[in-house]
file run.pdb (PDB, C-alpha atoms, pLDDT in the B column)
ATOM      1  CA  MET J  73     116.289 111.435  98.360  1.00 82.00           C
ATOM      2  CA  LYS J  74     115.721 107.728  98.154  1.00 90.00           C
ATOM      3  CA  VAL J  75     112.699 105.494  97.519  1.00 92.00           C
ATOM      4  CA  GLU J  76     113.039 101.751  98.112  1.00 95.00           C
ATOM      5  CA  ARG J  77     110.348  99.127  97.573  1.00 96.00           C
ATOM      6  CA  SER J  78     110.195  95.352  97.099  1.00 97.00           C
ATOM      7  CA  ILE J  79     107.614  92.918  95.810  1.00 98.00           C
ATOM      8  CA  GLU J  80     107.433  89.217  95.040  1.00 98.00           C
ATOM      9  CA  ILE J  81     106.109  88.280  91.610  1.00 98.00           C
ATOM     10  CA  ALA J  82     105.100  84.781  90.509  1.00 98.00           C
ATOM     11  CA  ALA J  83     107.187  84.904  87.325  1.00 98.00           C
ATOM     12  CA  SER J  84     110.793  84.162  86.424  1.00 98.00           C
ATOM     13  CA  PRO J  85     113.487  86.868  86.582  1.00 98.00           C
ATOM     14  CA  GLU J  86     114.003  86.347  82.833  1.00 98.00           C
ATOM     15  CA  ALA J  87     110.331  87.043  82.035  1.00 98.00           C
ATOM     16  CA  ILE J  88     110.276  90.153  84.220  1.00 98.00           C
ATOM     17  CA  PHE J  89     113.586  91.393  82.797  1.00 98.00           C
ATOM     18  CA  ALA J  90     112.163  91.087  79.268  1.00 97.00           C
ATOM     19  CA  VAL J  91     109.107  93.203  80.148  1.00 97.00           C
ATOM     20  CA  VAL J  92     110.928  95.965  82.037  1.00 97.00           C
ATOM     21  CA  MET J  93     113.545  96.274  79.272  1.00 97.00           C
ATOM     22  CA  ASP J  94     110.890  96.723  76.561  1.00 96.00           C
ATOM     23  CA  PRO J  95     110.257 100.474  76.286  1.00 95.00           C
ATOM     24  CA  GLU J  96     106.972  99.868  74.444  1.00 94.00           C
ATOM     25  CA  ARG J  97     105.586  98.212  77.600  1.00 96.00           C
ATOM     26  CA  LEU J  98     106.325 101.049  80.048  1.00 96.00           C
ATOM     27  CA  GLY J  99     102.733 102.287  79.890  1.00 97.00           C
ATOM     28  CA  GLU J 100     101.465  98.886  80.993  1.00 98.00           C
ATOM     29  CA  TRP J 101     103.050  99.115  84.428  1.00 98.00           C
ATOM     30  CA  VAL J 102     104.719 102.473  85.204  1.00 97.00           C
ATOM     31  CA  THR J 103     101.999 104.657  86.733  1.00 95.00           C
ATOM     32  CA  ILE J 104     103.619 108.012  85.919  1.00 93.00           C
ATOM     33  CA  HIS J 105     104.551 107.062  82.323  1.00 96.00           C
ATOM     34  CA  ASP J 106     102.918 109.434  79.848  1.00 96.00           C
ATOM     35  CA  ALA J 107     104.667 108.687  76.532  1.00 96.00           C
ATOM     36  CA  LEU J 108     107.930 107.768  74.867  1.00 96.00           C
ATOM     37  CA  LYS J 109     109.538 110.685  73.074  1.00 96.00           C
ATOM     38  CA  SER J 110     112.269 108.452  71.651  1.00 96.00           C
ATOM     39  CA  ALA J 111     113.552 104.922  72.214  1.00 96.00           C
ATOM     40  CA  PRO J 112     115.573 102.367  70.292  1.00 95.00           C
ATOM     41  CA  ASP J 113     113.755  99.547  68.534  1.00 90.00           C
ATOM     42  CA  GLY J 114     113.700  96.273  70.426  1.00 86.00           C
ATOM     43  CA  PRO J 115     114.875  95.444  73.926  1.00 88.00           C
ATOM     44  CA  LEU J 116     117.094  97.867  75.774  1.00 95.00           C
ATOM     45  CA  ARG J 117     120.675  96.981  76.728  1.00 95.00           C
ATOM     46  CA  LYS J 118     123.625  98.696  78.387  1.00 97.00           C
ATOM     47  CA  GLY J 119     124.164 102.078  76.731  1.00 98.00           C
ATOM     48  CA  SER J 120     120.604 102.326  75.361  1.00 97.00           C
ATOM     49  CA  ARG J 121     119.000 105.744  75.690  1.00 98.00           C
ATOM     50  CA  LEU J 122     115.386 106.773  75.770  1.00 97.00           C
ATOM     51  CA  GLU J 123     113.428 109.935  76.373  1.00 97.00           C
ATOM     52  CA  GLN J 124     110.269 109.554  78.394  1.00 96.00           C
ATOM     53  CA  SER J 125     107.438 111.929  79.178  1.00 95.00           C
ATOM     54  CA  LEU J 126     106.243 111.502  82.766  1.00 92.00           C
ATOM     55  CA  ARG J 127     103.178 112.975  84.438  1.00 88.00           C
ATOM     56  CA  VAL J 128     103.052 113.626  88.183  1.00 81.00           C
ATOM     57  CA  ALA J 129     100.250 115.574  89.887  1.00 76.00           C
ATOM     58  CA  GLY J 130      99.019 116.751  86.497  1.00 81.00           C
ATOM     59  CA  GLN J 131     102.409 118.101  85.464  1.00 82.00           C
ATOM     60  CA  ARG J 132     104.250 116.682  82.459  1.00 89.00           C
ATOM     61  CA  PHE J 133     108.034 116.638  82.261  1.00 89.00           C
ATOM     62  CA  TYR J 134     110.676 114.820  80.232  1.00 93.00           C
ATOM     63  CA  VAL J 135     113.470 112.598  81.466  1.00 94.00           C
ATOM     64  CA  SER J 136     116.367 111.271  79.384  1.00 97.00           C
ATOM     65  CA  TRP J 137     117.383 107.804  80.585  1.00 97.00           C
ATOM     66  CA  THR J 138     120.519 105.788  79.884  1.00 98.00           C
ATOM     67  CA  VAL J 139     120.823 102.112  80.740  1.00 98.00           C
ATOM     68  CA  ALA J 140     124.028 102.203  82.816  1.00 98.00           C
ATOM     69  CA  GLU J 141     123.973  98.486  83.603  1.00 98.00           C
ATOM     70  CA  ALA J 142     122.003  95.531  82.253  1.00 98.00           C
ATOM     71  CA  LYS J 143     122.971  92.199  83.771  1.00 98.00           C
ATOM     72  CA  ARG J 144     120.394  89.773  82.403  1.00 97.00           C
ATOM     73  CA  PRO J 145     118.255  88.657  84.218  1.00 97.00           C
ATOM     74  CA  SER J 146     119.231  90.038  87.610  1.00 98.00           C
ATOM     75  CA  ARG J 147     120.089  93.762  87.574  1.00 98.00           C
ATOM     76  CA  ILE J 148     119.263  96.935  85.680  1.00 98.00           C
ATOM     77  CA  VAL J 149     120.572 100.416  86.478  1.00 98.00           C
ATOM     78  CA  TRP J 150     119.121 103.538  84.869  1.00 98.00           C
ATOM     79  CA  ASP J 151     120.661 107.024  85.002  1.00 98.00           C
ATOM     80  CA  GLY J 152     118.220 109.852  84.338  1.00 96.00           C
ATOM     81  CA  ARG J 153     118.407 113.571  83.671  1.00 95.00           C
ATOM     82  CA  GLY J 154     115.348 115.779  83.912  1.00 90.00           C
ATOM     83  CA  PRO J 155     114.349 119.429  83.833  1.00 87.00           C
ATOM     84  CA  ALA J 156     116.314 122.136  85.643  1.00 83.00           C
ATOM     85  CA  GLY J 157     119.234 119.879  86.490  1.00 85.00           C
ATOM     86  CA  THR J 158     117.326 117.093  88.210  1.00 87.00           C
ATOM     87  CA  SER J 159     118.978 113.683  88.231  1.00 91.00           C
ATOM     88  CA  ALA J 160     117.911 110.180  89.182  1.00 93.00           C
ATOM     89  CA  ARG J 161     119.309 106.685  89.418  1.00 97.00           C
ATOM     90  CA  ALA J 162     116.921 103.737  89.406  1.00 97.00           C
ATOM     91  CA  VAL J 163     118.096 100.220  90.238  1.00 98.00           C
ATOM     92  CA  TYR J 164     116.085  97.043  89.649  1.00 98.00           C
ATOM     93  CA  GLU J 165     117.352  93.865  91.348  1.00 98.00           C
ATOM     94  CA  LEU J 166     115.666  90.592  90.366  1.00 98.00           C
ATOM     95  CA  ALA J 167     116.337  87.511  92.505  1.00 98.00           C
ATOM     96  CA  PRO J 168     114.735  84.085  92.237  1.00 98.00           C
ATOM     97  CA  VAL J 169     112.651  82.986  95.231  1.00 98.00           C
ATOM     98  CA  ALA J 170     110.554  79.868  95.862  1.00 96.00           C
ATOM     99  CA  ASP J 171     107.441  81.195  94.106  1.00 94.00           C
ATOM    100  CA  GLY J 172     109.026  83.381  91.426  1.00 98.00           C
ATOM    101  CA  THR J 173     111.083  86.555  91.763  1.00 98.00           C
ATOM    102  CA  ARG J 174     111.785  89.178  94.371  1.00 98.00           C
ATOM    103  CA  PHE J 175     111.920  92.581  92.658  1.00 98.00           C
ATOM    104  CA  ASP J 176     113.840  95.186  94.667  1.00 98.00           C
ATOM    105  CA  TYR J 177     113.404  98.749  93.440  1.00 97.00           C
ATOM    106  CA  LEU J 178     115.564 101.715  94.394  1.00 97.00           C
ATOM    107  CA  ASN J 179     115.240 105.252  93.064  1.00 94.00           C
ATOM    108  CA  GLU J 180     117.658 107.929  94.217  1.00 92.00           C
ATOM    109  CA  TYR J 181     117.007 111.408  92.933  1.00 85.00           C
ATOM    110  CA  ALA J 182     118.310 114.913  93.446  1.00 80.00           C
ATOM    111  CA  LEU J 183     116.482 118.136  92.793  1.00 69.00           C
ATOM    112  CA  PRO J 184     118.412 121.358  92.178  1.00 66.00           C
ATOM    113  CA  GLY J 185     118.271 124.296  94.514  1.00 57.00           C
ATOM    114  CA  GLY J 186     120.307 123.385  97.577  1.00 52.00           C
ATOM    115  CA  ALA J 187     118.256 123.518 100.791  1.00 50.00           C
ATOM    116  CA  LEU J 188     115.092 124.553  98.928  1.00 48.00           C
ATOM    117  CA  GLY J 189     115.557 121.606  96.576  1.00 49.00           C
ATOM    118  CA  SER J 190     115.953 119.304  99.572  1.00 52.00           C
ATOM    119  CA  LEU J 191     112.672 120.569 101.006  1.00 47.00           C
ATOM    120  CA  ALA J 192     110.929 119.971  97.685  1.00 50.00           C
ATOM    121  CA  ALA J 193     112.421 116.471  97.473  1.00 51.00           C
ATOM    122  CA  ARG J 194     111.033 115.584 100.898  1.00 53.00           C
ATOM    123  CA  ALA J 195     107.643 116.936  99.870  1.00 52.00           C
ATOM    124  CA  VAL J 196     107.493 114.641  96.824  1.00 57.00           C
ATOM    125  CA  ALA J 197     109.078 111.595  98.512  1.00 57.00           C
ATOM    126  CA  GLY J 198     105.744 110.318  99.862  1.00 62.00           C
ATOM    127  CA  ARG J 199     104.112 110.639  96.466  1.00 70.00           C
ATOM    128  CA  ALA J 200     107.079 108.929  94.782  1.00 77.00           C
ATOM    129  CA  GLY J 201     106.821 106.035  97.231  1.00 81.00           C
ATOM    130  CA  LYS J 202     103.112 105.562  96.531  1.00 89.00           C
ATOM    131  CA  GLU J 203     103.660 105.691  92.757  1.00 91.00           C
ATOM    132  CA  SER J 204     106.503 103.160  93.061  1.00 93.00           C
ATOM    133  CA  GLU J 205     104.306 100.782  95.052  1.00 95.00           C
ATOM    134  CA  GLU J 206     101.476 101.081  92.534  1.00 97.00           C
ATOM    135  CA  SER J 207     103.849 100.547  89.593  1.00 97.00           C
ATOM    136  CA  LEU J 208     105.213  97.378  91.204  1.00 97.00           C
ATOM    137  CA  ARG J 209     101.651  96.149  91.871  1.00 98.00           C
ATOM    138  CA  ARG J 210     100.810  96.771  88.218  1.00 98.00           C
ATOM    139  CA  LEU J 211     103.908  94.858  87.120  1.00 98.00           C
ATOM    140  CA  LYS J 212     102.910  91.986  89.399  1.00 98.00           C
ATOM    141  CA  GLY J 213      99.403  91.943  87.912  1.00 98.00           C
ATOM    142  CA  LEU J 214     100.775  92.078  84.377  1.00 98.00           C
ATOM    143  CA  MET J 215     103.213  89.229  84.973  1.00 98.00           C
ATOM    144  CA  GLU J 216     100.802  87.047  86.938  1.00 98.00           C
ATOM    145  CA  GLY J 217      97.692  87.795  84.860  1.00 91.00           C
TER     146      GLY J 217
END

call {"tool": "encode", "arguments": {"input": "run.pdb", "output": "structure tokens"}}
result
Amino acid sequence: MKVERSIEIAASPEAIFAVVMDPERLGEWVTIHDALKSAPDGPLRKGSRLEQSLRVAGQRFYVSWTVAEAKRPSRIVWDGRGPAGTSARAVYELAPVADGTRFDYLNEYALPGGALGSLAARAVAGRAGKESEESLRRLKGLMEG
């Protein structure tokens, strides 16, 4: 399944890149972030790994993320592994525009279980889209506030 969203933020790509690559700031803008289980000190870079606790619909689960690509200040790719064989790939594209930055967000994820997993993925896709939109709005508020 795939979730794609975009937003314009009145801040430079460099400033946004710095915030989204700081694991200590995840709770300030990611709506489903619950806690960091482990993360390196300082800004993340290609090859960095972190373990994050997420909470969706009252359920907590852990995802292990690896920064697969970090092209400062324009592109970040995350590969994630979660419970029961779930996987995800999140891509952040940051492009300068007249009033700041266009932030394009893509999250592709796969749930295990064949056809049943596909049904479950469709059921959570709407919720994932809403959470993505709210996270991007929070990031916009954080960067513009």

call {"tool": "resolve_selection", "arguments": {"input": "run.pdb", "expression": "the PyMOL selection byres ((chain J and resi 155) around 8)", "output": "compact mmCIF listing (two decimals) with C-alpha atoms, in the coordinates of the input"}}
result
# COMPACT_ATOMS: atom_id res chain seq x y z
CA PHE J 133 108.03 116.64 82.26
CA TYR J 134 110.68 114.82 80.23
CA VAL J 135 113.47 112.60 81.47
CA ARG J 153 118.41 113.57 83.67
CA GLY J 154 115.35 115.78 83.91
CA ALA J 156 116.31 122.14 85.64
CA GLY J 157 119.23 119.88 86.49
CA THR J 158 117.33 117.09 88.21

call {"tool": "residues_around", "arguments": {"input": "run.pdb", "residues": "Arg127 of chain J", "least_positions_apart": "2", "cutoff": "9 Å", "atoms": "all atoms listed in the file", "output": "ChimeraX atom specification"}}
result
/J:103-106,125,129-134

call {"tool": "write_last_selection", "arguments": {"input": "run.pdb", "atoms": "C-alpha atoms", "output": "mmCIF file, in the coordinates of the input"}}
result
data_model
loop_
_atom_site.group_PDB
_atom_site.id
_atom_site.type_symbol
_atom_site.label_atom_id
_atom_site.label_comp_id
_atom_site.auth_asym_id
_atom_site.auth_seq_id
_atom_site.Cartn_x
_atom_site.Cartn_y
_atom_site.Cartn_z
ATOM 1 C CA THR J 103 101.999 104.657 86.733
ATOM 2 C CA ILE J 104 103.619 108.012 85.919
ATOM 3 C CA HIS J 105 104.551 107.062 82.323
ATOM 4 C CA ASP J 106 102.918 109.434 79.848
ATOM 5 C CA SER J 125 107.438 111.929 79.178
ATOM 6 C CA ALA J 129 100.250 115.574 89.887
ATOM 7 C CA GLY J 130 99.019 116.751 86.497
ATOM 8 C CA GLN J 131 102.409 118.101 85.464
ATOM 9 C CA ARG J 132 104.250 116.682 82.459
ATOM 10 C CA PHE J 133 108.034 116.638 82.261
ATOM 11 C CA TYR J 134 110.676 114.820 80.232
#

call {"tool": "residues_around", "arguments": {"input": "run.pdb", "residues": "segment 210-217 of chain J", "least_positions_apart": "6", "cutoff": "12 Å", "atoms": "all atoms listed in the file", "output": "ChimeraX atom specification"}}
result
/J:78-92,97-104,171-175,203-204

call {"tool": "atom_distance", "arguments": {"input": "run.pdb", "atom1": "atom CA of Val163 of chain J", "atom2": "atom CA of Ala111 of chain J"}}
result
19.2 Å

call {"tool": "resolve_selection", "arguments": {"input": "run.pdb", "expression": "the PyMOL selection byres ((chain J and resi 137-141) around 6)", "output": "PDB file with C-alpha atoms, in the frame of the given file"}}
result
ATOM      1  CA  LYS J 118     123.625  98.696  78.387  1.00 97.00           C
ATOM      2  CA  GLY J 119     124.164 102.078  76.731  1.00 98.00           C
ATOM      3  CA  SER J 120     120.604 102.326  75.361  1.00 97.00           C
ATOM      4  CA  ARG J 121     119.000 105.744  75.690  1.00 98.00           C
ATOM      5  CA  LEU J 122     115.386 106.773  75.770  1.00 97.00           C
ATOM      6  CA  SER J 136     116.367 111.271  79.384  1.00 97.00           C
ATOM      7  CA  ALA J 142     122.003  95.531  82.253  1.00 98.00           C
ATOM      8  CA  ILE J 148     119.263  96.935  85.680  1.00 98.00           C
ATOM      9  CA  VAL J 149     120.572 100.416  86.478  1.00 98.00           C
ATOM     10  CA  TRP J 150     119.121 103.538  84.869  1.00 98.00           C
ATOM     11  CA  ASP J 151     120.661 107.024  85.002  1.00 98.00           C
ATOM     12  CA  GLY J 152     118.220 109.852  84.338  1.00 96.00           C
TER      13      GLY J 152
END

call {"tool": "axis_aligned_box", "arguments": {"input": "run.pdb", "around": "segment 84-99 of chain J", "padding_each_side": "4 Å", "output": "AutoDock Vina command-line options"}}
result
--center_x 108.4 --center_y 93.2 --center_z 80.5 --size_x 19.3 --size_y 26.1 --size_z 20.1

call {"tool": "resolve_selection", "arguments": {"input": "run.pdb", "expression": "the PyMOL selection byres ((chain J and resi 74) around 9)", "output": "compact mmCIF listing (two decimals) with C-alpha atoms, in the frame of the given file"}}
result
# COMPACT_ATOMS: atom_id res chain seq x y z
CA MET J 73 116.29 111.44 98.36
CA VAL J 75 112.70 105.49 97.52
CA GLU J 76 113.04 101.75 98.11
CA LEU J 178 115.56 101.72 94.39
CA ASN J 179 115.24 105.25 93.06
CA GLU J 180 117.66 107.93 94.22
CA TYR J 181 117.01 111.41 92.93
CA ALA J 182 118.31 114.91 93.45
CA ALA J 197 109.08 111.60 98.51

call {"tool": "closest_residue", "arguments": {"input": "run.pdb", "among": "J:Leu126, J:Ala107, J:Leu208, J:Ala200", "to": "Asp176 of chain J", "atoms": "only C-alpha atoms"}}
result
J:Leu208

call {"tool": "atom_distance", "arguments": {"input": "run.pdb", "atom1": "atom CA of Gln124 of chain J", "atom2": "atom CA of Ser146 of chain J"}}
result
23.4 Å

call {"tool": "atom_distance", "arguments": {"input": "run.pdb", "atom1": "atom CA of Arg161 of chain J", "atom2": "atom CA of Glu123 of chain J"}}
result
14.7 Å
